[in-house]
file final.pdb (PDB, C-alpha atoms)
ATOM      1  CA  MET R  38     -31.604  -4.424  -9.294
ATOM      2  CA  LEU R  39     -29.815  -7.642  -8.387
ATOM      3  CA  THR R  40     -31.821  -9.715  -5.917
ATOM      4  CA  HIS R  41     -29.449 -12.627  -5.358
ATOM      5  CA  SER R  42     -25.823 -13.278  -4.497
ATOM      6  CA  THR R  43     -23.498 -12.778  -7.434
ATOM      7  CA  ALA R  44     -20.161 -11.299  -8.484
ATOM      8  CA  ARG R  45     -19.582  -9.036 -11.453
ATOM      9  CA  VAL R  46     -17.250  -6.388 -12.828
ATOM     10  CA  LEU R  47     -18.347  -2.984 -11.572
ATOM     11  CA  GLU R  48     -19.051  -0.098 -13.921
ATOM     12  CA  PRO R  49     -18.740   3.691 -13.492
ATOM     13  CA  GLY R  50     -22.383   3.866 -12.400
ATOM     14  CA  ASP R  51     -21.540   1.689  -9.388
ATOM     15  CA  LEU R  52     -19.114   4.274  -7.991
ATOM     16  CA  ASP R  53     -21.211   5.486  -5.044
ATOM     17  CA  ALA R  54     -21.944   1.940  -3.866
ATOM     18  CA  ALA R  55     -18.274   0.993  -4.205
ATOM     19  CA  LEU R  56     -17.159   4.049  -2.230
ATOM     20  CA  ALA R  57     -19.612   3.140   0.537
ATOM     21  CA  VAL R  58     -17.870  -0.227   0.887
ATOM     22  CA  LEU R  59     -14.410   1.341   0.773
ATOM     23  CA  HIS R  60     -15.287   3.978   3.375
ATOM     24  CA  SER R  61     -16.501   1.299   5.799
ATOM     25  CA  ASP R  62     -12.843   0.601   6.661
ATOM     26  CA  PRO R  63     -10.910   3.698   5.571
ATOM     27  CA  VAL R  64      -7.528   2.619   6.963
ATOM     28  CA  ALA R  65      -7.393  -0.916   5.556
ATOM     29  CA  ASN R  66      -8.834   0.239   2.230
ATOM     30  CA  ALA R  67      -6.713   3.375   1.805
ATOM     31  CA  PHE R  68      -4.681   2.128  -1.166
ATOM     32  CA  VAL R  69      -7.674   1.179  -3.313
ATOM     33  CA  THR R  70      -9.772   4.132  -2.150
ATOM     34  CA  SER R  71      -7.057   6.566  -3.217
ATOM     35  CA  ARG R  72      -7.006   5.048  -6.698
ATOM     36  CA  VAL R  73     -10.797   5.059  -7.023
ATOM     37  CA  ASN R  74     -10.993   8.676  -5.863
ATOM     38  CA  VAL R  75      -8.748   9.668  -8.781
ATOM     39  CA  ALA R  76      -9.806   7.236 -11.505
ATOM     40  CA  GLY R  77     -13.330   6.131 -10.648
ATOM     41  CA  LEU R  78     -14.194   2.614 -11.804
ATOM     42  CA  ASP R  79     -13.161   2.899 -15.433
ATOM     43  CA  PRO R  80     -10.679   0.009 -15.923
ATOM     44  CA  TRP R  81      -8.361   1.985 -18.194
ATOM     45  CA  ARG R  82      -7.960   4.836 -15.731
ATOM     46  CA  LEU R  83      -8.061   2.598 -12.651
ATOM     47  CA  GLY R  84      -5.386   0.261 -13.967
ATOM     48  CA  GLY R  85      -7.558  -2.805 -13.464
ATOM     49  CA  GLU R  86     -11.055  -4.074 -12.889
ATOM     50  CA  MET R  87     -13.091  -3.706  -9.720
ATOM     51  CA  TRP R  88     -15.093  -6.824  -8.948
ATOM     52  CA  GLY R  89     -18.154  -6.562  -6.741
ATOM     53  CA  TRP R  90     -19.959  -9.162  -4.654
ATOM     54  CA  TYR R  91     -23.671  -8.637  -4.130
ATOM     55  CA  ALA R  92     -25.498 -10.332  -1.251
ATOM     56  CA  ALA R  93     -29.287 -10.103  -1.445
ATOM     57  CA  GLY R  94     -28.910  -7.423  -4.096
ATOM     58  CA  ARG R  95     -26.581  -5.171  -2.052
ATOM     59  CA  LEU R  96     -22.927  -4.552  -2.827
ATOM     60  CA  THR R  97     -21.001  -5.769   0.229
ATOM     61  CA  SER R  98     -17.503  -6.792  -0.933
ATOM     62  CA  LEU R  99     -14.969  -5.704  -3.549
ATOM     63  CA  CYS R 100     -11.812  -7.028  -5.137
ATOM     64  CA  TYR R 101      -9.388  -4.837  -7.060
ATOM     65  CA  ALA R 102      -7.805  -6.816  -9.908
ATOM     66  CA  GLY R 103      -4.885  -4.905 -11.363
ATOM     67  CA  ALA R 104      -1.143  -5.077 -10.765
ATOM     68  CA  ASN R 105      -2.193  -6.308  -7.321
ATOM     69  CA  LEU R 106      -5.151  -8.472  -6.414
ATOM     70  CA  VAL R 107      -6.737  -6.873  -3.341
ATOM     71  CA  PRO R 108      -9.781  -8.285  -1.485
ATOM     72  CA  ILE R 109     -11.799  -5.536   0.211
ATOM     73  CA  CYS R 110     -14.279  -6.147   3.024
ATOM     74  CA  ALA R 111     -14.507  -9.633   1.538
ATOM     75  CA  THR R 112     -16.780 -12.191   3.215
ATOM     76  CA  PRO R 113     -15.983 -15.909   2.789
ATOM     77  CA  GLU R 114     -18.678 -16.160   0.118
ATOM     78  CA  ALA R 115     -17.225 -13.176  -1.724
ATOM     79  CA  VAL R 116     -13.699 -14.611  -1.501
ATOM     80  CA  ALA R 117     -14.901 -17.856  -3.068
ATOM     81  CA  ALA R 118     -16.494 -15.943  -5.943
ATOM     82  CA  PHE R 119     -13.448 -13.694  -6.441
ATOM     83  CA  ALA R 120     -11.120 -16.704  -6.411
ATOM     84  CA  GLU R 121     -13.160 -18.429  -9.101
ATOM     85  CA  ARG R 122     -13.143 -15.323 -11.284
ATOM     86  CA  ALA R 123      -9.382 -14.903 -10.777
ATOM     87  CA  ARG R 124      -8.775 -18.574 -11.572
ATOM     88  CA  ARG R 125     -10.706 -18.295 -14.823
ATOM     89  CA  SER R 126      -8.939 -15.066 -15.791
ATOM     90  CA  GLY R 127      -5.453 -16.386 -15.062
ATOM     91  CA  ARG R 128      -2.818 -14.608 -13.015
ATOM     92  CA  ARG R 129      -2.102 -11.085 -14.213
ATOM     93  CA  CYS R 130      -0.972  -9.574 -10.911
ATOM     94  CA  SER R 131       2.444  -9.418  -9.269
ATOM     95  CA  SER R 132       1.015  -9.864  -5.791
ATOM     96  CA  ILE R 133      -2.055 -10.564  -3.697
ATOM     97  CA  VAL R 134      -2.277  -8.198  -0.749
ATOM     98  CA  GLY R 135      -4.953  -7.232   1.730
ATOM     99  CA  PRO R 136      -6.435  -7.994   5.139
ATOM    100  CA  ALA R 137      -4.797 -11.174   6.400
ATOM    101  CA  ASP R 138      -7.831 -13.442   6.821
ATOM    102  CA  ALA R 139      -9.420 -12.720   3.439
ATOM    103  CA  THR R 140      -6.063 -12.818   1.652
ATOM    104  CA  ALA R 141      -5.171 -16.163   3.236
ATOM    105  CA  ASP R 142      -8.529 -17.592   2.167
ATOM    106  CA  LEU R 143      -8.132 -16.208  -1.349
ATOM    107  CA  TRP R 144      -4.634 -17.629  -1.687
ATOM    108  CA  SER R 145      -5.664 -21.063  -0.393
ATOM    109  CA  ARG R 146      -8.150 -21.233  -3.256
ATOM    110  CA  LEU R 147      -5.753 -19.911  -5.905
ATOM    111  CA  GLU R 148      -2.545 -21.656  -4.870
ATOM    112  CA  PRO R 149      -3.388 -24.941  -6.663
ATOM    113  CA  HIS R 150      -3.754 -22.954  -9.882
ATOM    114  CA  TRP R 151      -1.307 -20.069  -9.448
ATOM    115  CA  GLY R 152       1.307 -21.493  -7.114
ATOM    116  CA  PRO R 153       3.949 -21.629  -6.033
ATOM    117  CA  ALA R 154       4.463 -18.067  -4.850
ATOM    118  CA  ARG R 155       7.910 -16.528  -4.717
ATOM    119  CA  GLU R 156       7.303 -15.442  -1.118
ATOM    120  CA  ILE R 157       4.418 -15.343   1.354
ATOM    121  CA  ARG R 158       4.254 -12.816   4.194
ATOM    122  CA  ARG R 159       1.370 -14.038   6.290
ATOM    123  CA  HIS R 160       1.316 -11.416   9.033
ATOM    124  CA  GLN R 161       2.091  -7.762   8.376
ATOM    125  CA  PRO R 162       0.878  -5.554  11.236
ATOM    126  CA  LEU R 163      -1.266  -2.609  10.117
ATOM    127  CA  MET R 164      -0.492   0.381  12.339
ATOM    128  CA  THR R 165      -1.905   3.879  12.788
ATOM    129  CA  THR R 166      -1.339   7.085  14.680
ATOM    130  CA  ARG R 167      -3.191  10.379  15.043
ATOM    131  CA  SER R 168      -0.532  12.422  16.803
ATOM    132  CA  LEU R 169       3.130  13.341  16.898
ATOM    133  CA  PRO R 170       5.368  11.603  19.431
ATOM    134  CA  ALA R 171       5.865  13.642  22.578
ATOM    135  CA  ASP R 172       9.431  12.511  23.224
ATOM    136  CA  ILE R 173      10.989  12.244  19.747
ATOM    137  CA  ALA R 174      11.908  15.458  17.986
ATOM    138  CA  PRO R 175      11.346  15.554  14.218
ATOM    139  CA  ASP R 176      14.605  15.492  12.266
ATOM    140  CA  PRO R 177      14.979  19.067  10.945
ATOM    141  CA  GLY R 178      17.003  17.711   8.022
ATOM    142  CA  VAL R 179      14.080  15.720   6.623
ATOM    143  CA  ARG R 180      12.295  17.721   3.953
ATOM    144  CA  ARG R 181      10.323  17.336   0.753
ATOM    145  CA  VAL R 182      12.399  16.057  -2.155
ATOM    146  CA  ARG R 183      12.714  18.645  -4.927
ATOM    147  CA  LYS R 184      11.876  17.888  -8.542
ATOM    148  CA  ASP R 185      15.512  18.473  -9.537
ATOM    149  CA  GLU R 186      16.653  15.738  -7.114
ATOM    150  CA  MET R 187      15.282  12.727  -8.989
ATOM    151  CA  GLU R 188      18.783  11.447  -9.759
ATOM    152  CA  VAL R 189      19.610  11.663  -6.055
ATOM    153  CA  ILE R 190      16.498   9.942  -4.726
ATOM    154  CA  MET R 191      16.125   7.171  -7.335
ATOM    155  CA  PRO R 192      19.066   4.989  -6.216
ATOM    156  CA  ALA R 193      17.692   5.002  -2.662
ATOM    157  CA  CYS R 194      14.211   4.118  -3.917
ATOM    158  CA  VAL R 195      15.585   1.245  -5.978
ATOM    159  CA  ALA R 196      17.646  -0.008  -3.038
ATOM    160  CA  MET R 197      14.623   0.129  -0.722
ATOM    161  CA  PHE R 198      12.349  -1.671  -3.181
ATOM    162  CA  THR R 199      14.894  -4.395  -3.908
ATOM    163  CA  GLU R 200      15.592  -4.924  -0.214
ATOM    164  CA  GLU R 201      11.900  -5.008   0.672
ATOM    165  CA  VAL R 202      10.409  -6.978  -2.217
ATOM    166  CA  GLY R 203      13.364  -9.134  -3.205
ATOM    167  CA  VAL R 204      13.455  -8.102  -6.879
ATOM    168  CA  SER R 205      14.631  -4.932  -8.580
ATOM    169  CA  PRO R 206      12.009  -2.470  -9.852
ATOM    170  CA  LEU R 207      14.298  -1.963 -12.855
ATOM    171  CA  ALA R 208      13.505  -5.436 -14.203
ATOM    172  CA  GLY R 209      11.142  -5.804 -17.119
ATOM    173  CA  ASP R 210      10.641  -2.307 -18.529
ATOM    174  CA  GLY R 211      13.947  -0.984 -17.225
ATOM    175  CA  GLY R 212      12.214   0.795 -14.385
ATOM    176  CA  LEU R 213      10.135   3.208 -16.461
ATOM    177  CA  LEU R 214       6.909   2.621 -14.529
ATOM    178  CA  TYR R 215       8.685   2.715 -11.183
ATOM    179  CA  GLN R 216      10.517   5.914 -12.062
ATOM    180  CA  ALA R 217       7.223   7.476 -13.143
ATOM    181  CA  ARG R 218       5.664   6.560  -9.790
ATOM    182  CA  VAL R 219       8.577   8.068  -7.857
ATOM    183  CA  ALA R 220       8.389  11.193 -10.015
ATOM    184  CA  GLU R 221       4.675  11.484  -9.252
ATOM    185  CA  LEU R 222       5.341  11.316  -5.500
ATOM    186  CA  VAL R 223       8.094  13.909  -5.779
ATOM    187  CA  SER R 224       6.025  16.270  -7.934
ATOM    188  CA  THR R 225       3.066  16.104  -5.524
ATOM    189  CA  GLY R 226       5.249  16.825  -2.490
ATOM    190  CA  ARG R 227       4.809  13.387  -0.943
ATOM    191  CA  ALA R 228       8.447  12.217  -1.053
ATOM    192  CA  PHE R 229      10.648  13.095   1.915
ATOM    193  CA  ALA R 230      14.338  12.600   2.618
ATOM    194  CA  ARG R 231      17.362  13.647   4.583
ATOM    195  CA  ILE R 232      20.131  14.249   2.054
ATOM    196  CA  GLU R 233      23.737  14.773   3.121
ATOM    197  CA  ASN R 234      26.494  15.538   0.616
ATOM    198  CA  GLY R 235      24.379  14.234  -2.220
ATOM    199  CA  GLU R 236      23.543  10.976  -0.409
ATOM    200  CA  VAL R 237      20.105   9.949   0.838
ATOM    201  CA  VAL R 238      20.451   9.067   4.513
ATOM    202  CA  PHE R 239      16.728   8.569   5.254
ATOM    203  CA  LYS R 240      13.674   8.545   3.042
ATOM    204  CA  ALA R 241       9.950   7.821   3.122
ATOM    205  CA  GLU R 242       6.906   8.632   1.025
ATOM    206  CA  ILE R 243       3.249   9.299   1.636
ATOM    207  CA  GLY R 244       1.644   6.895  -0.822
ATOM    208  CA  ALA R 245      -2.107   6.392  -0.634
ATOM    209  CA  VAL R 246      -4.073   9.503   0.352
ATOM    210  CA  THR R 247      -7.774   9.886   1.139
ATOM    211  CA  ARG R 248      -9.695  12.455   3.140
ATOM    212  CA  HIS R 249      -9.720  10.017   6.067
ATOM    213  CA  THR R 250      -6.155   8.739   6.129
ATOM    214  CA  CYS R 251      -2.815   8.517   4.389
ATOM    215  CA  GLN R 252      -0.319   5.687   4.222
ATOM    216  CA  ILE R 253       3.434   6.005   4.681
ATOM    217  CA  GLN R 254       5.554   3.706   2.532
ATOM    218  CA  GLY R 255       9.121   3.173   1.398
ATOM    219  CA  VAL R 256      10.767   3.907   4.746
ATOM    220  CA  TRP R 257      14.513   3.378   4.335
ATOM    221  CA  VAL R 258      17.760   4.270   6.070
ATOM    222  CA  ALA R 259      21.064   3.982   4.229
ATOM    223  CA  PRO R 260      22.930   0.894   5.517
ATOM    224  CA  SER R 261      25.949   2.940   6.606
ATOM    225  CA  HIS R 262      23.702   5.062   8.840
ATOM    226  CA  ARG R 263      21.628   2.360  10.502
ATOM    227  CA  GLY R 264      21.664   1.902  14.267
ATOM    228  CA  ARG R 265      21.455   5.640  14.969
ATOM    229  CA  ARG R 266      17.653   5.783  15.333
ATOM    230  CA  LEU R 267      17.393   7.993  12.277
ATOM    231  CA  SER R 268      14.210   6.161  11.323
ATOM    232  CA  GLU R 269      12.521   7.460  14.483
ATOM    233  CA  SER R 270      13.409  11.130  14.074
ATOM    234  CA  GLY R 271      12.834  10.814  10.338
ATOM    235  CA  MET R 272       9.407   9.277  10.808
ATOM    236  CA  ALA R 273       8.531  11.974  13.333
ATOM    237  CA  ALA R 274       9.354  14.559  10.662
ATOM    238  CA  VAL R 275       7.239  12.808   8.004
ATOM    239  CA  LEU R 276       4.384  12.524  10.507
ATOM    240  CA  HIS R 277       4.581  16.280  11.059
ATOM    241  CA  TYR R 278       4.013  16.890   7.353
ATOM    242  CA  ALA R 279       1.381  14.138   7.017
ATOM    243  CA  LEU R 280      -0.791  15.180   9.961
ATOM    244  CA  ARG R 281      -0.480  18.897   9.210
ATOM    245  CA  ASP R 282      -0.949  18.820   5.445
ATOM    246  CA  VAL R 283      -2.560  15.538   4.381
ATOM    247  CA  ALA R 284      -4.911  13.599   6.682
ATOM    248  CA  PRO R 285      -5.949  13.177  10.329
ATOM    249  CA  VAL R 286      -4.833   9.529  10.518
ATOM    250  CA  VAL R 287      -1.520   8.119   9.310
ATOM    251  CA  SER R 288      -1.097   4.404   8.653
ATOM    252  CA  LEU R 289       1.502   1.925   7.477
ATOM    253  CA  TYR R 290       2.038  -1.802   7.423
ATOM    254  CA  VAL R 291       5.253  -3.623   8.191
ATOM    255  CA  ASN R 292       6.614  -7.146   8.026
ATOM    256  CA  ASP R 293       6.278  -8.918  11.360
ATOM    257  CA  PHE R 294       9.856 -10.223  11.096
ATOM    258  CA  ASN R 295      11.236  -6.672  10.841
ATOM    259  CA  THR R 296      11.632  -6.277  14.589
ATOM    260  CA  PRO R 297      13.709  -3.052  14.506
ATOM    261  CA  ALA R 298      11.187  -1.284  12.262
ATOM    262  CA  ARG R 299       8.212  -2.393  14.356
ATOM    263  CA  ALA R 300       9.922  -1.144  17.511
ATOM    264  CA  ALA R 301      10.770   2.185  15.869
ATOM    265  CA  TYR R 302       7.196   2.713  14.696
ATOM    266  CA  GLN R 303       5.858   1.912  18.158
ATOM    267  CA  ARG R 304       8.246   4.421  19.729
ATOM    268  CA  VAL R 305       7.013   7.061  17.300
ATOM    269  CA  GLY R 306       3.437   6.349  18.417
ATOM    270  CA  PHE R 307       2.004   3.850  15.945
ATOM    271  CA  THR R 308      -0.280   1.166  17.378
ATOM    272  CA  GLU R 309      -1.399  -2.055  15.718
ATOM    273  CA  VAL R 310      -5.002  -2.039  14.480
ATOM    274  CA  GLY R 311      -5.051  -5.063  12.161
ATOM    275  CA  ALA R 312      -2.937  -7.227   9.899
ATOM    276  CA  PHE R 313      -2.262  -7.558   6.195
ATOM    277  CA  MET R 314      -0.889 -10.498   4.220
ATOM    278  CA  SER R 315       1.081 -10.420   0.991
ATOM    279  CA  VAL R 316       1.670 -13.133  -1.587
ATOM    280  CA  LEU R 317       4.505 -12.195  -3.950
ATOM    281  CA  PHE R 318       5.039 -13.734  -7.392
TER     282      PHE R 318
END
call {"tool": "encode", "arguments": {"input": "final.pdb", "output": "structure tokens"}}
result
Amino acid sequence: MLTHSTARVLEPGDLDAALAVLHSDPVANAFVTSRVNVAGLDPWRLGGEMWGWYAAGRLTSLCYAGANLVPICATPEAVAAFAERARRSGRRCSSIVGPADATADLWSRLEPHWGPAREIRRHQPLMTTRSLPADIAPDPGVRRVRKDEMEVIMPACVAMFTEEVGVSPLAGDGGLLYQARVAELVSTGRAFARIENGEVVFKAEIGAVTRHTCQIQGVWVAPSHRGRRLSESGMAAVLHYALRDVAPVVSLYVNDFNTPARAAYQRVGFTEVGAFMSVLF
């Protein structure tokens, strides 16, 4: 047993201790928890390493190091150790994302070595709800996307990603990985849309899923249909599916500068419970 403070790469035998840390904040940790629930701590299946910080021999903080670098329940001492390990390893991720304070601390330590970033989003409200809105009817046209509708949904997914992140998901490998992720969401019944005359008018997905919570992502309204509050009725419909079929708590995070989206989520019943930060490369 470790009896001092140290950081190391976790192994499959550390799974129970890692899950205990993840479950201590089920909403903020939903993304990583969902991956660990499926893949365990094996780096090949997980898509990256899980770093652990031990204080007085007890695992207290984690950092997922894959396509994203994600600090989890990270104390200042843990952040310092994770930053040093990341600096030595070199940047392999496309973003750093996580709770705002820990992510800001991590980035301040890595910026001299990894900077500059393409974009920094310092405050992204983390919001949750446990119930359907009382005064907004779910859009009856929003439904699960069928497996034979991949060609219909993909252009909307690409448009949403490009608008949100600032780069196309088709860059690099031609979009193979992104298309596979969308196909996974469709095949598992977690992609939702309102489709009119072969055009996606509204869409959203349920991304991360755990027994405690699920996270809505990829909310998008076609530009020609914006201003009609379709995001509110659409979100109410997705919430109906999420709360009935998936988890008792639904979460999402949003850019603080996206005033219309924040207002729409609040009207649907989401309340702010924390904040994330994202550093995009």
call {"tool": "resolve_selection", "arguments": {"input": "final.pdb", "expression": "the PyMOL selection byres ((chain R and resi 307) around 8)", "output": "list in words"}}
result
Met164, Thr165, Thr166, Ser288, Tyr302, Gln303, Arg304, Val305, Gly306, Thr308 and Glu309 of chain R
call {"tool": "residues_around", "arguments": {"input": "final.pdb", "residues": "Thr70 in chain R", "least_positions_apart": "4", "cutoff": "9 Å", "atoms": "all atoms listed in the file", "output": "number ranges by chain"}}
result
R: 56, 59-60, 63, 66, 74-75, 245-247
call {"tool": "residues_around", "arguments": {"input": "final.pdb", "residues": "range 133-148 of chain R", "least_positions_apart": "2", "cutoff": "6 Å", "atoms": "all atoms listed in the file", "output": "list in words"}}
result
Asn105, Leu106, Val107, Pro108, Val116, Ala120, His150, Trp151, Gly152, Ala312, Phe313, Met314, Ser315 and Val316 of chain R
call {"tool": "atom_distance", "arguments": {"input": "final.pdb", "atom1": "CA of Leu267 in chain R", "atom2": "CA of Lys240 in chain R"}}
result
10.0 Å
call {"tool": "resolve_selection", "arguments": {"input": "final.pdb", "expression": "the PyMOL selection byres ((chain R and resi 58) around 8)", "output": "VMD selection string"}}
result
chain R and resid 54 to 57 59 to 62 96 to 99 110
call {"tool": "write_last_selection", "arguments": {"input": "final.pdb", "atoms": "C-alpha atoms", "output": "mmCIF file, in the coordinates of the input"}}
result
data_model
loop_
_atom_site.group_PDB
_atom_site.id
_atom_site.type_symbol
_atom_site.label_atom_id
_atom_site.label_comp_id
_atom_site.auth_asym_id
_atom_site.auth_seq_id
_atom_site.Cartn_x
_atom_site.Cartn_y
_atom_site.Cartn_z
ATOM 1 C CA ALA R 54 -21.944 1.940 -3.866
ATOM 2 C CA ALA R 55 -18.274 0.993 -4.205
ATOM 3 C CA LEU R 56 -17.159 4.049 -2.230
ATOM 4 C CA ALA R 57 -19.612 3.140 0.537
ATOM 5 C CA LEU R 59 -14.410 1.341 0.773
ATOM 6 C CA HIS R 60 -15.287 3.978 3.375
ATOM 7 C CA SER R 61 -16.501 1.299 5.799
ATOM 8 C CA ASP R 62 -12.843 0.601 6.661
ATOM 9 C CA LEU R 96 -22.927 -4.552 -2.827
ATOM 10 C CA THR R 97 -21.001 -5.769 0.229
ATOM 11 C CA SER R 98 -17.503 -6.792 -0.933
ATOM 12 C CA LEU R 99 -14.969 -5.704 -3.549
ATOM 13 C CA CYS R 110 -14.279 -6.147 3.024
#
call {"tool": "resolve_selection", "arguments": {"input": "final.pdb", "expression": "the PyMOL selection byres ((chain R and resi 277) around 12)", "output": "JSON, numbers by chain"}}
result
{"R": [166, 167, 168, 169, 170, 171, 173, 174, 175, 176, 177, 179, 180, 181, 229, 243, 270, 271, 272, 273, 274, 275, 276, 278, 279, 280, 281, 282, 283, 284, 285, 286, 287, 305]}
call {"tool": "closest_residue", "arguments": {"input": "final.pdb", "among": "R:Val46, R:Leu213, R:Ala123, R:Met197", "to": "Pro260 in chain R", "atoms": "all atoms listed in the file"}}
result
R:Met197
call {"tool": "residues_around", "arguments": {"input": "final.pdb", "residues": "Val258 in chain R", "least_positions_apart": "5", "cutoff": "10 Å", "atoms": "only C-alpha atoms", "output": "PyMOL selection string"}}
result
chain R and resi 193+197+230-231+237-241+263-268+271
call {"tool": "decode", "arguments": {"input": "final.pdb", "residues": "range 209-228 of chain R", "atoms": "N, CA and C atoms", "output": "PDB file, in the first residue's frame"}}
result
ATOM      1  N   GLY R 209      -8.770  15.671 -40.672  1.00  0.00           N
ATOM      2  CA  GLY R 209      -7.908  14.585 -40.188  1.00  0.00           C
ATOM      3  C   GLY R 209      -8.216  13.269 -40.857  1.00  0.00           C
ATOM      4  N   ASP R 210      -9.098  12.474 -40.242  1.00  0.00           N
ATOM      5  CA  ASP R 210      -9.400  11.135 -40.768  1.00  0.00           C
ATOM      6  C   ASP R 210     -10.609  11.129 -41.691  1.00  0.00           C
ATOM      7  N   GLY R 211     -11.051  12.325 -42.101  1.00  0.00           N
ATOM      8  CA  GLY R 211     -12.216  12.395 -42.973  1.00  0.00           C
ATOM      9  C   GLY R 211     -13.527  12.198 -42.259  1.00  0.00           C
ATOM     10  N   GLY R 212     -13.474  12.212 -40.929  1.00  0.00           N
ATOM     11  CA  GLY R 212     -14.688  12.094 -40.139  1.00  0.00           C
ATOM     12  C   GLY R 212     -15.060  10.676 -39.754  1.00  0.00           C
ATOM     13  N   LEU R 213     -14.149   9.723 -39.950  1.00  0.00           N
ATOM     14  CA  LEU R 213     -14.483   8.328 -39.656  1.00  0.00           C
ATOM     15  C   LEU R 213     -14.807   8.113 -38.182  1.00  0.00           C
ATOM     16  N   LEU R 214     -13.972   8.662 -37.293  1.00  0.00           N
ATOM     17  CA  LEU R 214     -14.213   8.490 -35.863  1.00  0.00           C
ATOM     18  C   LEU R 214     -15.491   9.201 -35.435  1.00  0.00           C
ATOM     19  N   TYR R 215     -15.704  10.390 -35.973  1.00  0.00           N
ATOM     20  CA  TYR R 215     -16.907  11.142 -35.605  1.00  0.00           C
ATOM     21  C   TYR R 215     -18.159  10.422 -36.105  1.00  0.00           C
ATOM     22  N   GLN R 216     -18.111   9.937 -37.327  1.00  0.00           N
ATOM     23  CA  GLN R 216     -19.260   9.203 -37.856  1.00  0.00           C
ATOM     24  C   GLN R 216     -19.543   7.950 -37.037  1.00  0.00           C
ATOM     25  N   ALA R 217     -18.478   7.282 -36.583  1.00  0.00           N
ATOM     26  CA  ALA R 217     -18.664   6.088 -35.756  1.00  0.00           C
ATOM     27  C   ALA R 217     -19.328   6.443 -34.437  1.00  0.00           C
ATOM     28  N   ARG R 218     -18.949   7.596 -33.858  1.00  0.00           N
ATOM     29  CA  ARG R 218     -19.565   8.019 -32.599  1.00  0.00           C
ATOM     30  C   ARG R 218     -21.041   8.348 -32.793  1.00  0.00           C
ATOM     31  N   VAL R 219     -21.369   9.046 -33.876  1.00  0.00           N
ATOM     32  CA  VAL R 219     -22.775   9.353 -34.153  1.00  0.00           C
ATOM     33  C   VAL R 219     -23.556   8.061 -34.379  1.00  0.00           C
ATOM     34  N   ALA R 220     -22.969   7.137 -35.110  1.00  0.00           N
ATOM     35  CA  ALA R 220     -23.640   5.855 -35.365  1.00  0.00           C
ATOM     36  C   ALA R 220     -23.889   5.102 -34.068  1.00  0.00           C
ATOM     37  N   GLU R 221     -22.948   5.167 -33.141  1.00  0.00           N
ATOM     38  CA  GLU R 221     -23.127   4.519 -31.842  1.00  0.00           C
ATOM     39  C   GLU R 221     -24.317   5.122 -31.100  1.00  0.00           C
ATOM     40  N   LEU R 222     -24.422   6.451 -31.094  1.00  0.00           N
ATOM     41  CA  LEU R 222     -25.525   7.116 -30.412  1.00  0.00           C
ATOM     42  C   LEU R 222     -26.861   6.770 -31.059  1.00  0.00           C
ATOM     43  N   VAL R 223     -26.877   6.701 -32.380  1.00  0.00           N
ATOM     44  CA  VAL R 223     -28.106   6.338 -33.080  1.00  0.00           C
ATOM     45  C   VAL R 223     -28.487   4.894 -32.763  1.00  0.00           C
ATOM     46  N   SER R 224     -27.516   3.991 -32.824  1.00  0.00           N
ATOM     47  CA  SER R 224     -27.819   2.566 -32.643  1.00  0.00           C
ATOM     48  C   SER R 224     -28.264   2.248 -31.221  1.00  0.00           C
ATOM     49  N   THR R 225     -27.832   3.059 -30.240  1.00  0.00           N
ATOM     50  CA  THR R 225     -28.231   2.831 -28.855  1.00  0.00           C
ATOM     51  C   THR R 225     -29.475   3.626 -28.461  1.00  0.00           C
ATOM     52  N   GLY R 226     -30.084   4.311 -29.423  1.00  0.00           N
ATOM     53  CA  GLY R 226     -31.316   5.042 -29.152  1.00  0.00           C
ATOM     54  C   GLY R 226     -31.123   6.310 -28.370  1.00  0.00           C
ATOM     55  N   ARG R 227     -29.933   6.918 -28.473  1.00  0.00           N
ATOM     56  CA  ARG R 227     -29.649   8.130 -27.707  1.00  0.00           C
ATOM     57  C   ARG R 227     -29.492   9.366 -28.586  1.00  0.00           C
ATOM     58  N   ALA R 228     -29.901   9.272 -29.850  1.00  0.00           N
ATOM     59  CA  ALA R 228     -29.905  10.423 -30.756  1.00  0.00           C
ATOM     60  C   ALA R 228     -31.355  10.773 -31.080  1.00  0.00           C
TER      61      ALA R 228
END
